[in-house]
file model.cif (mmCIF, C-alpha atoms and all ligand atoms)
data_protein
#
loop_
_atom_site.label_atom_id
_atom_site.label_comp_id
_atom_site.auth_asym_id
_atom_site.auth_seq_id
_atom_site.Cartn_x
_atom_site.Cartn_y
_atom_site.Cartn_z
CA MET A 182 -86.39 6.30 -29.52
CA PRO A 183 -87.71 6.24 -25.93
CA LEU A 184 -90.16 3.37 -25.30
CA ASP A 185 -93.79 4.27 -24.91
CA THR A 186 -95.00 4.27 -21.32
CA SER A 187 -97.14 1.15 -21.49
CA PHE A 188 -94.36 -0.93 -23.07
CA ARG A 189 -91.94 0.42 -20.44
CA LYS A 190 -94.36 -0.61 -17.66
CA GLN A 191 -94.73 -4.07 -19.19
CA ILE A 192 -90.94 -4.57 -19.29
CA LEU A 193 -90.56 -3.33 -15.71
CA ALA A 194 -93.24 -5.71 -14.47
CA THR A 195 -91.51 -8.63 -16.22
CA VAL A 196 -88.14 -7.63 -14.77
CA GLU A 197 -89.61 -7.25 -11.30
CA ARG A 198 -90.99 -10.79 -11.47
CA PHE A 199 -87.62 -12.14 -12.67
CA VAL A 200 -85.80 -10.24 -9.90
CA ASN A 201 -88.08 -11.52 -7.15
CA GLU A 202 -88.25 -15.11 -8.37
CA ARG A 203 -84.74 -15.65 -9.74
CA VAL A 204 -82.28 -12.99 -8.53
CA ALA A 205 -83.41 -12.48 -4.91
CA PRO A 206 -82.84 -16.12 -3.88
CA ARG A 207 -79.32 -15.97 -5.37
CA ALA A 208 -78.19 -12.55 -4.08
CA ALA A 209 -76.40 -13.80 -0.96
CA GLU A 210 -74.77 -16.61 -2.95
CA LEU A 211 -73.30 -14.16 -5.52
CA ASP A 212 -71.80 -12.22 -2.63
CA ALA A 213 -70.45 -15.29 -0.84
CA THR A 214 -68.98 -17.09 -3.85
CA ASP A 215 -67.96 -14.00 -5.84
CA ARG A 216 -68.84 -16.07 -8.93
CA PHE A 217 -70.39 -14.57 -12.10
CA PRO A 218 -73.93 -15.97 -12.57
CA SER A 219 -73.85 -16.93 -16.27
CA ASP A 220 -77.26 -18.61 -16.02
CA LEU A 221 -78.93 -15.45 -14.65
CA TYR A 222 -77.23 -13.36 -17.33
CA ARG A 223 -78.70 -15.65 -20.00
CA GLU A 224 -82.14 -15.52 -18.37
CA ALA A 225 -82.03 -11.71 -18.23
CA ALA A 226 -81.02 -11.73 -21.89
CA GLY A 227 -84.08 -13.86 -22.64
CA LEU A 228 -86.26 -10.99 -21.37
CA GLY A 229 -84.75 -8.76 -24.05
CA VAL A 230 -83.28 -6.25 -21.58
CA PHE A 231 -79.85 -6.04 -23.22
CA GLY A 232 -81.62 -4.86 -26.36
CA LEU A 233 -82.76 -1.68 -24.59
CA TRP A 234 -79.55 0.14 -25.56
CA VAL A 235 -79.55 -1.22 -29.13
CA PRO A 236 -81.54 0.21 -32.09
CA GLU A 237 -84.18 -2.02 -33.68
CA GLU A 238 -82.32 -2.32 -36.99
CA TYR A 239 -79.53 -4.12 -35.08
CA GLY A 240 -81.76 -6.50 -33.15
CA GLY A 241 -82.62 -4.35 -30.14
CA ILE A 242 -85.72 -2.52 -28.87
CA GLY A 243 -84.07 0.84 -28.16
CA PRO A 244 -82.10 2.86 -27.64
CA ASP A 245 -83.99 4.00 -24.58
CA MET A 246 -82.18 5.90 -21.82
CA VAL A 247 -84.68 5.75 -18.97
CA THR A 248 -85.89 2.12 -18.89
CA PRO A 249 -82.46 0.60 -18.14
CA LEU A 250 -82.02 3.11 -15.30
CA LEU A 251 -85.37 2.08 -13.80
CA ILE A 252 -84.36 -1.57 -14.17
CA SER A 253 -81.06 -0.95 -12.35
CA ASP A 254 -83.02 0.50 -9.43
CA VAL A 255 -85.36 -2.52 -9.34
CA ILE A 256 -82.54 -5.10 -9.47
CA ALA A 257 -80.38 -3.26 -6.91
CA ARG A 258 -83.16 -3.49 -4.32
CA VAL A 259 -82.20 -7.15 -4.01
CA SER A 260 -78.77 -7.43 -5.66
CA PRO A 261 -76.68 -4.35 -6.46
CA SER A 262 -74.08 -6.73 -7.85
CA PHE A 263 -76.45 -8.17 -10.47
CA ALA A 264 -77.66 -4.63 -11.22
CA LEU A 265 -74.07 -3.76 -12.18
CA ILE A 266 -73.63 -6.96 -14.18
CA PHE A 267 -76.74 -5.93 -16.17
CA SER A 268 -76.14 -2.21 -16.53
CA ASN A 269 -72.46 -2.34 -17.40
CA CYS A 270 -73.67 -3.51 -20.80
CA GLY A 271 -75.08 0.00 -21.31
CA ASP A 272 -71.78 1.76 -20.51
CA ALA A 273 -69.96 -0.60 -22.85
CA VAL A 274 -72.38 -0.77 -25.78
CA THR A 275 -73.32 2.92 -26.03
CA PRO A 276 -69.97 3.99 -27.61
CA LEU A 277 -70.53 1.31 -30.29
CA VAL A 278 -74.08 2.52 -30.94
CA ASN A 279 -73.05 6.18 -31.11
CA PHE A 280 -69.67 5.98 -32.85
CA GLY A 281 -69.47 2.57 -34.57
CA THR A 282 -69.43 2.13 -38.35
CA ALA A 283 -72.33 0.26 -39.97
CA GLU A 284 -70.05 -2.82 -40.29
CA GLN A 285 -69.00 -2.69 -36.64
CA LYS A 286 -72.63 -2.37 -35.55
CA LYS A 287 -73.79 -5.23 -37.79
CA TRP A 288 -70.97 -7.37 -36.42
CA LEU A 289 -71.52 -6.75 -32.69
CA LEU A 290 -74.86 -5.20 -31.75
CA PRO A 291 -77.18 -8.15 -32.48
CA GLY A 292 -75.02 -10.43 -30.31
CA ILE A 293 -74.87 -7.88 -27.49
CA ALA A 294 -78.65 -7.35 -27.63
CA SER A 295 -79.24 -11.11 -27.42
CA GLY A 296 -76.81 -11.54 -24.51
CA ALA A 297 -74.48 -13.78 -26.54
CA ILE A 298 -71.70 -11.16 -26.45
CA ILE A 299 -70.70 -9.43 -23.20
CA PRO A 300 -69.12 -6.02 -23.85
CA CYS A 301 -66.69 -4.13 -21.57
CA PHE A 302 -65.53 -0.52 -21.27
CA VAL A 303 -61.76 -0.39 -20.81
CA LEU A 304 -60.27 2.93 -19.75
CA THR A 305 -58.75 2.88 -16.23
CA GLU A 306 -55.11 1.92 -15.61
CA PRO A 307 -52.97 1.41 -12.50
CA GLY A 308 -51.65 4.98 -12.85
CA ALA A 309 -54.72 6.65 -14.38
CA GLY A 310 -58.09 6.66 -12.57
CA SER A 311 -59.73 10.04 -11.95
CA ASP A 312 -57.21 11.57 -14.35
CA ALA A 313 -58.23 9.34 -17.25
CA ALA A 314 -56.39 11.46 -19.82
CA SER A 315 -53.10 10.34 -18.27
CA ILE A 316 -53.41 6.75 -19.55
CA VAL A 317 -50.17 5.32 -20.93
CA THR A 318 -51.45 2.28 -22.85
CA GLN A 319 -50.19 2.84 -26.37
CA ALA A 320 -51.55 1.95 -29.80
CA ARG A 321 -48.64 2.02 -32.23
CA ALA A 322 -49.47 2.35 -35.96
CA VAL A 323 -48.23 -0.65 -37.97
CA ASP A 324 -48.97 -2.10 -41.39
CA GLY A 325 -52.75 -2.67 -41.63
CA GLY A 326 -53.62 -1.42 -38.14
CA TYR A 327 -52.26 -0.85 -34.64
CA ARG A 328 -50.44 -2.76 -31.91
CA ILE A 329 -51.72 -2.12 -28.37
CA SER A 330 -49.48 -2.45 -25.29
CA GLY A 331 -50.40 -1.63 -21.70
CA ARG A 332 -52.28 -2.69 -18.59
CA LYS A 333 -55.85 -1.89 -17.58
CA MET A 334 -57.45 -2.23 -14.14
CA TRP A 335 -60.86 -2.48 -12.47
CA ILE A 336 -62.73 -3.47 -15.61
CA THR A 337 -66.32 -4.48 -14.84
CA ASN A 338 -67.28 -7.87 -16.29
CA GLY A 339 -63.69 -8.05 -17.61
CA GLY A 340 -63.24 -11.68 -16.57
CA VAL A 341 -66.26 -12.77 -18.60
CA GLY A 342 -66.16 -10.19 -21.39
CA ASP A 343 -66.18 -11.09 -25.08
CA VAL A 344 -65.55 -7.72 -26.68
CA PHE A 345 -63.66 -4.77 -25.21
CA THR A 346 -63.70 -1.07 -26.09
CA VAL A 347 -60.12 -0.17 -25.24
CA PHE A 348 -58.83 3.38 -24.96
CA ALA A 349 -55.17 3.89 -25.85
CA LYS A 350 -52.78 6.67 -26.80
CA THR A 351 -52.24 7.09 -30.53
CA ASP A 352 -50.39 10.38 -29.97
CA PRO A 353 -48.71 10.18 -26.55
CA GLU A 354 -47.65 13.85 -26.62
CA ALA A 355 -51.17 15.21 -27.22
CA GLY A 356 -52.82 14.57 -23.82
CA ASN A 357 -56.55 13.88 -24.10
CA LYS A 358 -56.42 14.76 -27.81
CA GLY A 359 -54.13 11.81 -28.47
CA ILE A 360 -56.43 9.01 -27.32
CA SER A 361 -58.26 6.61 -29.67
CA ALA A 362 -60.77 3.81 -29.04
CA PHE A 363 -60.38 0.26 -30.38
CA ILE A 364 -62.52 -2.85 -30.43
CA VAL A 365 -60.57 -5.86 -29.16
CA GLU A 366 -61.93 -9.41 -28.98
CA ARG A 367 -61.28 -11.94 -26.23
CA GLY A 368 -58.68 -14.38 -27.54
CA ALA A 369 -56.70 -11.83 -29.57
CA GLU A 370 -53.02 -12.81 -29.57
CA GLY A 371 -51.14 -11.04 -26.76
CA PHE A 372 -54.34 -10.15 -24.87
CA THR A 373 -54.51 -11.69 -21.38
CA ILE A 374 -57.42 -11.55 -18.97
CA GLY A 375 -55.71 -10.99 -15.61
CA ARG A 376 -56.89 -11.57 -12.06
CA ASN A 377 -60.29 -10.60 -10.67
CA GLU A 378 -60.10 -8.16 -7.75
CA ASP A 379 -61.34 -9.35 -4.33
CA LEU A 380 -63.59 -6.37 -3.51
CA ILE A 381 -65.51 -5.21 -0.44
CA GLY A 382 -68.83 -5.38 -2.30
CA LEU A 383 -70.55 -5.93 -5.65
CA ARG A 384 -69.15 -9.43 -5.46
CA GLY A 385 -70.15 -11.80 -8.24
CA CYS A 386 -69.62 -9.01 -10.76
CA PRO A 387 -66.00 -9.49 -11.82
CA THR A 388 -63.68 -6.46 -11.68
CA THR A 389 -60.66 -7.47 -13.68
CA GLU A 390 -57.15 -6.61 -14.77
CA LEU A 391 -56.46 -6.79 -18.52
CA ILE A 392 -53.01 -7.02 -20.08
CA PHE A 393 -52.16 -6.07 -23.68
CA GLU A 394 -48.81 -7.18 -25.08
CA ASP A 395 -48.37 -5.96 -28.63
CA VAL A 396 -51.96 -6.92 -29.49
CA PHE A 397 -52.63 -6.43 -33.22
CA VAL A 398 -55.87 -4.61 -34.02
CA PRO A 399 -56.84 -4.16 -37.70
CA ALA A 400 -57.43 -0.55 -38.76
CA ASP A 401 -61.17 -1.15 -39.24
CA ARG A 402 -61.50 -1.96 -35.51
CA MET A 403 -60.83 1.64 -34.54
CA LEU A 404 -64.00 3.08 -33.00
CA GLY A 405 -64.76 6.63 -34.11
CA GLU A 406 -62.09 8.97 -35.37
CA LYS A 407 -58.39 8.75 -34.59
CA ASN A 408 -57.43 10.82 -31.52
CA ARG A 409 -61.11 11.45 -30.63
CA GLY A 410 -61.36 8.57 -28.15
CA PHE A 411 -61.42 10.72 -25.02
CA LYS A 412 -64.62 12.38 -26.22
CA ILE A 413 -66.10 8.91 -26.81
CA ALA A 414 -65.13 7.83 -23.28
CA MET A 415 -66.57 10.96 -21.68
CA SER A 416 -69.79 10.84 -23.74
CA THR A 417 -71.08 7.84 -21.77
CA LEU A 418 -70.52 9.37 -18.35
CA ASP A 419 -73.80 11.24 -17.80
CA GLU A 420 -75.86 8.07 -18.21
CA ALA A 421 -73.29 6.05 -16.27
CA ARG A 422 -73.62 8.49 -13.35
CA LEU A 423 -77.41 8.26 -13.41
CA ASN A 424 -77.08 4.50 -13.50
CA CYS A 425 -74.75 4.52 -10.51
CA SER A 426 -77.33 6.73 -8.75
CA ALA A 427 -80.08 4.22 -9.65
CA MET A 428 -78.15 1.32 -8.18
CA ALA A 429 -77.34 3.31 -5.02
CA LEU A 430 -81.00 4.27 -4.56
CA GLY A 431 -82.12 0.68 -5.14
CA ALA A 432 -79.62 -0.68 -2.59
CA ALA A 433 -80.59 1.93 0.01
CA THR A 434 -84.28 1.22 -0.55
CA GLY A 435 -83.71 -2.52 -0.10
CA ALA A 436 -81.77 -1.91 3.13
CA LEU A 437 -84.30 0.55 4.53
CA GLN A 438 -87.22 -1.77 3.83
CA CYS A 439 -85.42 -4.56 5.68
CA ALA A 440 -84.55 -2.32 8.66
CA LEU A 441 -88.12 -1.00 8.82
CA ASP A 442 -89.64 -4.50 8.86
CA TYR A 443 -87.16 -5.47 11.55
CA ALA A 444 -87.88 -2.38 13.67
CA LYS A 445 -91.59 -3.23 13.70
CA GLU A 446 -90.91 -6.79 14.90
CA ARG A 447 -87.98 -6.41 17.28
CA VAL A 448 -89.09 -5.76 20.85
CA GLN A 449 -86.86 -4.09 23.47
CA PHE A 450 -87.94 -2.41 26.70
CA GLY A 451 -91.40 -3.88 26.20
CA LYS A 452 -92.27 -2.45 22.77
CA PRO A 453 -91.22 -2.67 19.11
CA ILE A 454 -88.03 -0.62 18.67
CA ILE A 455 -89.73 1.61 16.08
CA GLU A 456 -91.88 2.94 18.93
CA HIS A 457 -88.73 4.31 20.58
CA GLN A 458 -88.51 7.83 19.24
CA GLY A 459 -84.71 7.78 18.96
CA LEU A 460 -84.85 4.81 16.59
CA ALA A 461 -87.85 6.15 14.63
CA PHE A 462 -85.91 9.42 14.08
CA LEU A 463 -82.99 7.45 12.67
CA LEU A 464 -85.24 5.70 10.14
CA ALA A 465 -87.14 8.93 9.42
CA ASP A 466 -83.88 10.67 8.58
CA CYS A 467 -82.98 7.82 6.21
CA ALA A 468 -86.38 7.93 4.49
CA ALA A 469 -86.27 11.72 4.05
CA ARG A 470 -82.73 11.70 2.60
CA LEU A 471 -83.58 8.80 0.31
CA THR A 472 -86.74 10.48 -0.99
CA GLY A 473 -84.83 13.73 -1.59
CA SER A 474 -82.05 11.93 -3.46
CA ARG A 475 -84.57 10.06 -5.56
CA ALA A 476 -86.10 13.41 -6.55
CA ILE A 477 -82.83 14.83 -7.87
CA TRP A 478 -82.15 11.58 -9.74
CA GLN A 479 -85.55 11.82 -11.42
CA ARG A 480 -84.97 15.47 -12.24
CA ALA A 481 -81.53 14.80 -13.75
CA MET A 482 -82.92 11.84 -15.73
CA THR A 483 -85.78 13.95 -17.13
CA ALA A 484 -83.40 16.80 -18.01
CA LEU A 485 -80.90 14.52 -19.76
CA GLU A 486 -83.57 12.64 -21.68
CA HIS A 487 -85.03 15.95 -22.86
CA GLU A 488 -81.73 17.49 -24.00
CA ARG A 489 -78.01 16.92 -23.45
CA THR A 490 -77.22 20.34 -22.05
CA ARG A 491 -74.43 21.44 -19.75
CA GLU A 492 -77.04 21.88 -17.02
CA ALA A 493 -78.28 18.32 -17.48
CA SER A 494 -74.72 17.06 -17.16
CA THR A 495 -74.21 19.01 -13.93
CA LEU A 496 -77.50 17.67 -12.58
CA ALA A 497 -76.24 14.14 -13.34
CA ALA A 498 -73.08 14.88 -11.33
CA MET A 499 -75.20 16.24 -8.47
CA ALA A 500 -77.45 13.17 -8.56
CA LYS A 501 -74.42 10.85 -8.49
CA LEU A 502 -72.91 12.72 -5.55
CA LEU A 503 -76.10 12.86 -3.48
CA CYS A 504 -77.53 9.43 -4.30
CA THR A 505 -74.31 7.52 -3.62
CA GLU A 506 -73.49 9.41 -0.42
CA THR A 507 -77.09 9.04 0.79
CA ALA A 508 -76.99 5.32 0.05
CA MET A 509 -73.79 4.91 2.06
CA ARG A 510 -75.31 6.79 4.98
CA VAL A 511 -78.70 5.03 4.82
CA THR A 512 -77.25 1.53 4.59
CA THR A 513 -74.86 2.23 7.49
CA GLU A 514 -77.75 3.53 9.62
CA CYS A 515 -79.83 0.47 8.70
CA VAL A 516 -77.05 -1.78 10.03
CA GLN A 517 -77.12 0.31 13.23
CA ALA A 518 -80.91 0.06 13.48
CA MET A 519 -80.71 -3.73 13.46
CA GLY A 520 -78.05 -4.02 16.16
CA ALA A 521 -75.98 -7.21 16.03
CA ASN A 522 -78.36 -8.71 13.46
CA GLY A 523 -77.46 -5.82 11.15
CA LEU A 524 -73.87 -7.05 11.17
CA SER A 525 -74.86 -10.64 10.43
CA LYS A 526 -74.98 -12.26 7.00
CA ALA A 527 -78.33 -13.71 8.06
CA TYR A 528 -79.77 -10.37 6.89
CA PRO A 529 -78.93 -8.51 3.67
CA VAL A 530 -78.25 -5.03 5.11
CA GLU A 531 -74.52 -5.51 5.75
CA ARG A 532 -74.20 -6.66 2.12
CA PHE A 533 -76.10 -3.60 0.90
CA MET A 534 -73.73 -1.41 2.94
CA ARG A 535 -70.65 -3.09 1.44
CA ASP A 536 -72.16 -2.90 -2.04
CA CYS A 537 -72.77 0.84 -1.71
CA LYS A 538 -69.16 1.87 -1.03
CA PRO A 539 -67.91 1.28 -4.62
CA PHE A 540 -70.72 3.53 -5.93
CA GLU A 541 -68.90 6.49 -4.35
CA VAL A 542 -65.79 5.55 -6.32
CA PHE A 543 -66.52 4.51 -9.91
CA ASP A 544 -67.92 6.67 -12.71
CA GLY A 545 -66.08 9.53 -10.98
CA THR A 546 -65.52 9.69 -7.23
CA SER A 547 -67.56 12.03 -5.01
CA GLN A 548 -64.64 14.47 -5.11
CA ILE A 549 -64.66 14.46 -8.91
CA GLN A 550 -68.43 15.15 -8.96
CA LYS A 551 -67.80 18.14 -6.66
CA LEU A 552 -65.02 19.29 -8.96
CA LEU A 553 -67.44 19.21 -11.94
CA ILE A 554 -70.22 20.96 -10.01
CA GLY A 555 -67.72 23.55 -8.74
CA ARG A 556 -66.54 24.28 -12.29
CA HIS A 557 -70.16 24.79 -13.36
CA LEU A 558 -70.75 27.21 -10.48
CA GLU A 559 -67.59 29.13 -11.31
CA LYS A 560 -68.35 29.50 -15.02
CA TYR A 561 -72.15 29.58 -15.24
CA GLY A 562 -73.52 30.05 -11.72
CA LEU A 563 -76.25 27.95 -10.15
CA PRO A 564 -78.06 25.53 -12.48
CA GLU A 565 -81.27 27.23 -13.47
CA VAL A 566 -84.68 25.77 -12.74
CA ALA A 567 -86.07 24.72 -16.12
CA ALA A 568 -88.97 26.78 -17.45
CA SER A 569 -91.08 23.60 -17.66
CA GLU A 570 -90.55 22.99 -13.94
CA ILE A 571 -91.54 26.56 -13.09
CA ALA A 572 -94.63 26.13 -15.25
CA ALA A 573 -95.50 22.91 -13.42
CA LEU A 574 -95.38 24.85 -10.16
CA GLY A 575 -97.83 27.38 -11.58
CA ILE A 576 -95.36 30.27 -11.27
CA ALA A 577 -94.97 32.50 -14.33
CA ALA A 578 -91.49 32.10 -15.86
CA GLN A 579 -89.48 35.35 -15.66
C1 LIG A 601 -66.31 -1.71 -8.87
C2 LIG A 601 -65.54 -0.89 -9.87
C3 LIG A 601 -65.83 -1.02 -11.21
C4 LIG A 601 -65.11 -0.28 -12.17
N1 LIG A 601 -65.37 -0.50 -13.50
C5 LIG A 601 -64.60 0.13 -14.43
C6 LIG A 601 -64.77 -0.18 -15.82
O1 LIG A 601 -65.63 -0.99 -16.22
N2 LIG A 601 -63.97 0.43 -16.72
C7 LIG A 601 -63.01 1.33 -16.34
O2 LIG A 601 -62.32 1.85 -17.21
N3 LIG A 601 -62.82 1.65 -15.03
C8 LIG A 601 -63.58 1.06 -14.06
N4 LIG A 601 -63.41 1.34 -12.72
C9 LIG A 601 -62.38 2.30 -12.32
C10 LIG A 601 -62.95 3.59 -11.76
O3 LIG A 601 -63.47 4.36 -12.79
C11 LIG A 601 -61.83 4.30 -10.97
O4 LIG A 601 -61.57 3.52 -9.82
C12 LIG A 601 -62.21 5.71 -10.56
O5 LIG A 601 -62.23 6.55 -11.69
C13 LIG A 601 -61.24 6.29 -9.53
O6 LIG A 601 -59.92 6.12 -9.91
P1 LIG A 601 -58.86 5.49 -8.89
O7 LIG A 601 -59.46 4.32 -8.24
O8 LIG A 601 -57.58 5.33 -9.61
O9 LIG A 601 -58.68 6.60 -7.76
P2 LIG A 601 -57.76 7.91 -7.85
O10 LIG A 601 -58.06 8.67 -9.08
O11 LIG A 601 -56.36 7.53 -7.59
O12 LIG A 601 -58.31 8.73 -6.59
C14 LIG A 601 -57.89 8.45 -5.25
C15 LIG A 601 -58.55 9.51 -4.35
O13 LIG A 601 -58.09 10.82 -4.74
C16 LIG A 601 -59.20 11.65 -5.00
N5 LIG A 601 -58.86 12.58 -6.11
C17 LIG A 601 -58.29 12.30 -7.30
N6 LIG A 601 -58.17 13.41 -8.05
C18 LIG A 601 -58.68 14.43 -7.30
C19 LIG A 601 -58.88 15.82 -7.51
N7 LIG A 601 -58.53 16.41 -8.66
N8 LIG A 601 -59.44 16.55 -6.51
C20 LIG A 601 -59.83 15.96 -5.35
N9 LIG A 601 -59.69 14.65 -5.10
C21 LIG A 601 -59.12 13.89 -6.05
C22 LIG A 601 -60.33 10.71 -5.41
O14 LIG A 601 -61.58 11.31 -5.20
C23 LIG A 601 -60.06 9.52 -4.47
O15 LIG A 601 -60.65 9.77 -3.23
C24 LIG A 601 -64.12 0.63 -11.74
C25 LIG A 601 -63.84 0.78 -10.38
C26 LIG A 601 -64.54 0.03 -9.45
C27 LIG A 601 -64.21 0.20 -7.98
#
call {"tool": "encode", "arguments": {"input": "model.cif", "output": "structure tokens"}}
result
Amino acid sequence: MPLDTSFRKQILATVERFVNERVAPRAAELDATDRFPSDLYREAAGLGVFGLWVPEEYGGIGPDMVTPLLISDVIARVSPSFALIFSNCGDAVTPLVNFGTAEQKKWLLPGIASGAIIPCFVLTEPGAGSDAASIVTQARAVDGGYRISGRKMWITNGGVGDVFTVFAKTDPEAGNKGISAFIVERGAEGFTIGRNEDLIGLRGCPTTELIFEDVFVPADRMLGEKNRGFKIAMSTLDEARLNCSAMALGAATGALQCALDYAKERVQFGKPIIEHQGLAFLLADCAARLTGSRAIWQRAMTALEHERTREASTLAAMAKLLCTETAMRVTTECVQAMGANGLSKAYPVERFMRDCKPFEVFDGTSQIQKLLIGRHLEKYGLPEVAASEIAALGIAAQ
């Protein structure tokens, strides 16, 4: 059930206060140390935000699609890395909410909602990224359950995760129709948390290798139906793409605000640099692109919340493509607008720029979004303007 507007506003105001008072002073430190901020995670949990994806009967206040996306935007304006630490919970918990048995939900959801359990979504492998159906991690049927063997890569929050939704082949010959999902706990015999990657950005949010060596998983830890795991994995992607868009927009907004403040203060050739038309045009271009990208994000979010149609899915892909590419461009221009200071760690814009690059890669690269949009165009033509939007413009629907 979506939250009512006044409750949503109340949560956003609380989060905004927390972000300004607690996250902002730590943002540069997360980047510099690349260390997961357990204390901030616990404090965020205390605000109830991890319960937004979880139904009330399991200890949450949701599920609500839009509020977490708005929160990601707010957090990313100061720390895209902490925005990902927060929002990855949504990607990881949603399959449990949608496909878990009552026992699985009773076991895990209250702990995830309270922040005591950190969940992870485990699909990608060294040889299988964009082509996720080509995973080779296997789950072999044995007495009482399955044994999982394989290696996973780039798993967000993997180094600190407690419970892992792992996708593995139960029928290796059947392509994407031979994949199943399993719930694996940290500490299971044969399960090793590997190294954390040393990434360009989003530092402080661990991105981790996971190794499975004949890990026994009881039969009742299978999530959803056997061989239907690929559908489970793909079902989270629309929201994940809107979340990636939210973080990209937040980061670009944070960078642009910083560059704008700087341009009003910095004097060259006898006047603030914003009064030089060439520089004002650069910032104007950034503001226009950012506002346009924000509009498509809002449209895709509204469409998806209203109904999970093919069109809504394509809009989510468009939003992901435009918002992440805009954020990369805007943050790069903001570095330029600040000259040498833009390159310095004394200001946050170089961090925002580094943080934005991964947004063009995960939850489907820009090329994969274009592939999806292209397929839509080929099969169904241009996404139609919804009748409600036409009505809002005062034009009679045809
Ligand atoms: C910060 C971060 C967090 C992540 N978190 C998770 C997580 O929690 N769980 C998880 O399972 N995975 C996670 N991933 C993995 C992520 O989903 C993959 O990195 C992504 O899907 C791309 O796969 P790849 O890196 O193997 O690139 P590849 O698929 O090898 O792509 C390499 C290049 O080829 C292009 N390409 C590939 N196929 C095509 C095509 N058909 N047409 C045109 N171009 C193509 C791509 O666009 C890209 O430019 C994360 C990655 C990062 C960077």
call {"tool": "residues_near_ligand", "arguments": {"input": "model.cif", "ligand": "ligand LIG 601 (chain A)", "cutoff": "6 Å", "atoms": "all atoms listed in the file", "output": "ChimeraX atom specification"}}
result
/A:302-305,309-311,335-337,388,539,542-546,548-549
call {"tool": "closest_atom_pairs", "arguments": {"input": "model.cif", "of": "stretch 247-293 of chain A", "to": "stretch 491-513 of chain A", "cutoff": "12 Å", "atoms": "all atoms listed in the file", "output": "Markdown table"}}
result
| residue | atom | partner | partner_atom | distance |
| --- | --- | --- | --- | --- |
| A:Asp254 | CA | A:Cys504 | CA | 11.7 |
| A:Ala257 | CA | A:Ala508 | CA | 11.6 |
| A:Arg258 | CA | A:Ala508 | CA | 11.6 |
| A:Pro261 | CA | A:Ala508 | CA | 11.7 |
call {"tool": "atom_distance", "arguments": {"input": "model.cif", "atom1": "atom CA of A:Val247", "atom2": "atom CA of A:Met428"}}
result
13.4 Å
call {"tool": "atom_distance", "arguments": {"input": "model.cif", "atom1": "atom CA of A:Glu406", "atom2": "atom CA of A:Ile360"}}
result
9.8 Å
call {"tool": "axis_aligned_box", "arguments": {"input": "model.cif", "around": "stretch 292-299 of chain A", "padding_each_side": "8 Å", "output": "AutoDock Vina command-line options"}}
result
--center_x -75.0 --center_y -10.6 --center_z -26.8 --size_x 24.5 --size_y 22.4 --size_z 23.1
call {"tool": "atom_distance", "arguments": {"input": "model.cif", "atom1": "atom CA of A:Pro244", "atom2": "atom CA of A:Arg203"}}
result
25.9 Å
call {"tool": "residues_around", "arguments": {"input": "model.cif", "residues": "A:Ile252", "least_positions_apart": "6", "cutoff": "8 Å", "atoms": "all atoms listed in the file", "output": "PDB file with C-alpha atoms, in the frame of the given file"}}
result
ATOM      1  CA  LEU A 193     -90.560  -3.330 -15.710  1.00  0.00           C
ATOM      2  CA  VAL A 196     -88.140  -7.630 -14.770  1.00  0.00           C
ATOM      3  CA  ALA A 264     -77.660  -4.630 -11.220  1.00  0.00           C
TER       4      ALA A 264
END
call {"tool": "residues_around", "arguments": {"input": "model.cif", "residues": "A:Pro249", "least_positions_apart": "6", "cutoff": "9 Å", "atoms": "only C-alpha atoms", "output": "PyMOL selection string"}}
result
chain A and resi 230-231+233-234+267-268+271+424
call {"tool": "residues_around", "arguments": {"input": "model.cif", "residues": "stretch 394-403 of chain A", "least_positions_apart": "3", "cutoff": "12 Å", "atoms": "all atoms listed in the file", "output": "ChimeraX atom specification"}}
result
/A:276-277,280-286,288-289,318-333,344-349,351,360-374,391,406-410,413
call {"tool": "closest_residue", "arguments": {"input": "model.cif", "among": "A:Glu306, A:Glu565, A:Asp215, A:Glu559", "to": "A:Met334", "atoms": "only C-alpha atoms"}}
result
A:Glu306
call {"tool": "residues_around", "arguments": {"input": "model.cif", "residues": "A:Gly241", "least_positions_apart": "4", "cutoff": "8 Å", "atoms": "all atoms listed in the file", "output": "tab-separated table (two decimals) with C-alpha atoms, in the frame of the given file"}}
result
chain	number	residue	atom	x	y	z
A	229	GLY	CA	-84.75	-8.76	-24.05
A	231	PHE	CA	-79.85	-6.04	-23.22
A	232	GLY	CA	-81.62	-4.86	-26.36
A	233	LEU	CA	-82.76	-1.68	-24.59
A	234	TRP	CA	-79.55	0.14	-25.56
A	235	VAL	CA	-79.55	-1.22	-29.13
A	236	PRO	CA	-81.54	0.21	-32.09
A	237	GLU	CA	-84.18	-2.02	-33.68
A	290	LEU	CA	-74.86	-5.20	-31.75
A	291	PRO	CA	-77.18	-8.15	-32.48
A	294	ALA	CA	-78.65	-7.35	-27.63
call {"tool": "decode", "arguments": {"input": "model.cif", "residues": "stretch 376-387 of chain A", "atoms": "C-alpha atoms", "output": "short mmCIF file (atom, residue, chain, number, x, y, z; two decimals), in the first residue's frame"}}
result
data_model
loop_
_atom_site.label_atom_id
_atom_site.label_comp_id
_atom_site.auth_asym_id
_atom_site.auth_seq_id
_atom_site.Cartn_x
_atom_site.Cartn_y
_atom_site.Cartn_z
CA ARG A 376 37.46 -9.42 -1.43
CA ASN A 377 35.82 -6.01 -1.71
CA GLU A 378 36.48 -4.26 -5.03
CA ASP A 379 38.48 -1.01 -4.99
CA LEU A 380 36.12 1.10 -7.13
CA ILE A 381 36.29 4.55 -8.73
CA GLY A 382 33.27 5.75 -6.74
CA LEU A 383 30.46 4.79 -4.35
CA ARG A 384 33.23 4.00 -1.91
CA GLY A 385 32.14 2.95 1.57
CA CYS A 386 29.44 0.77 0.03
CA PRO A 387 31.17 -2.60 -0.32
#
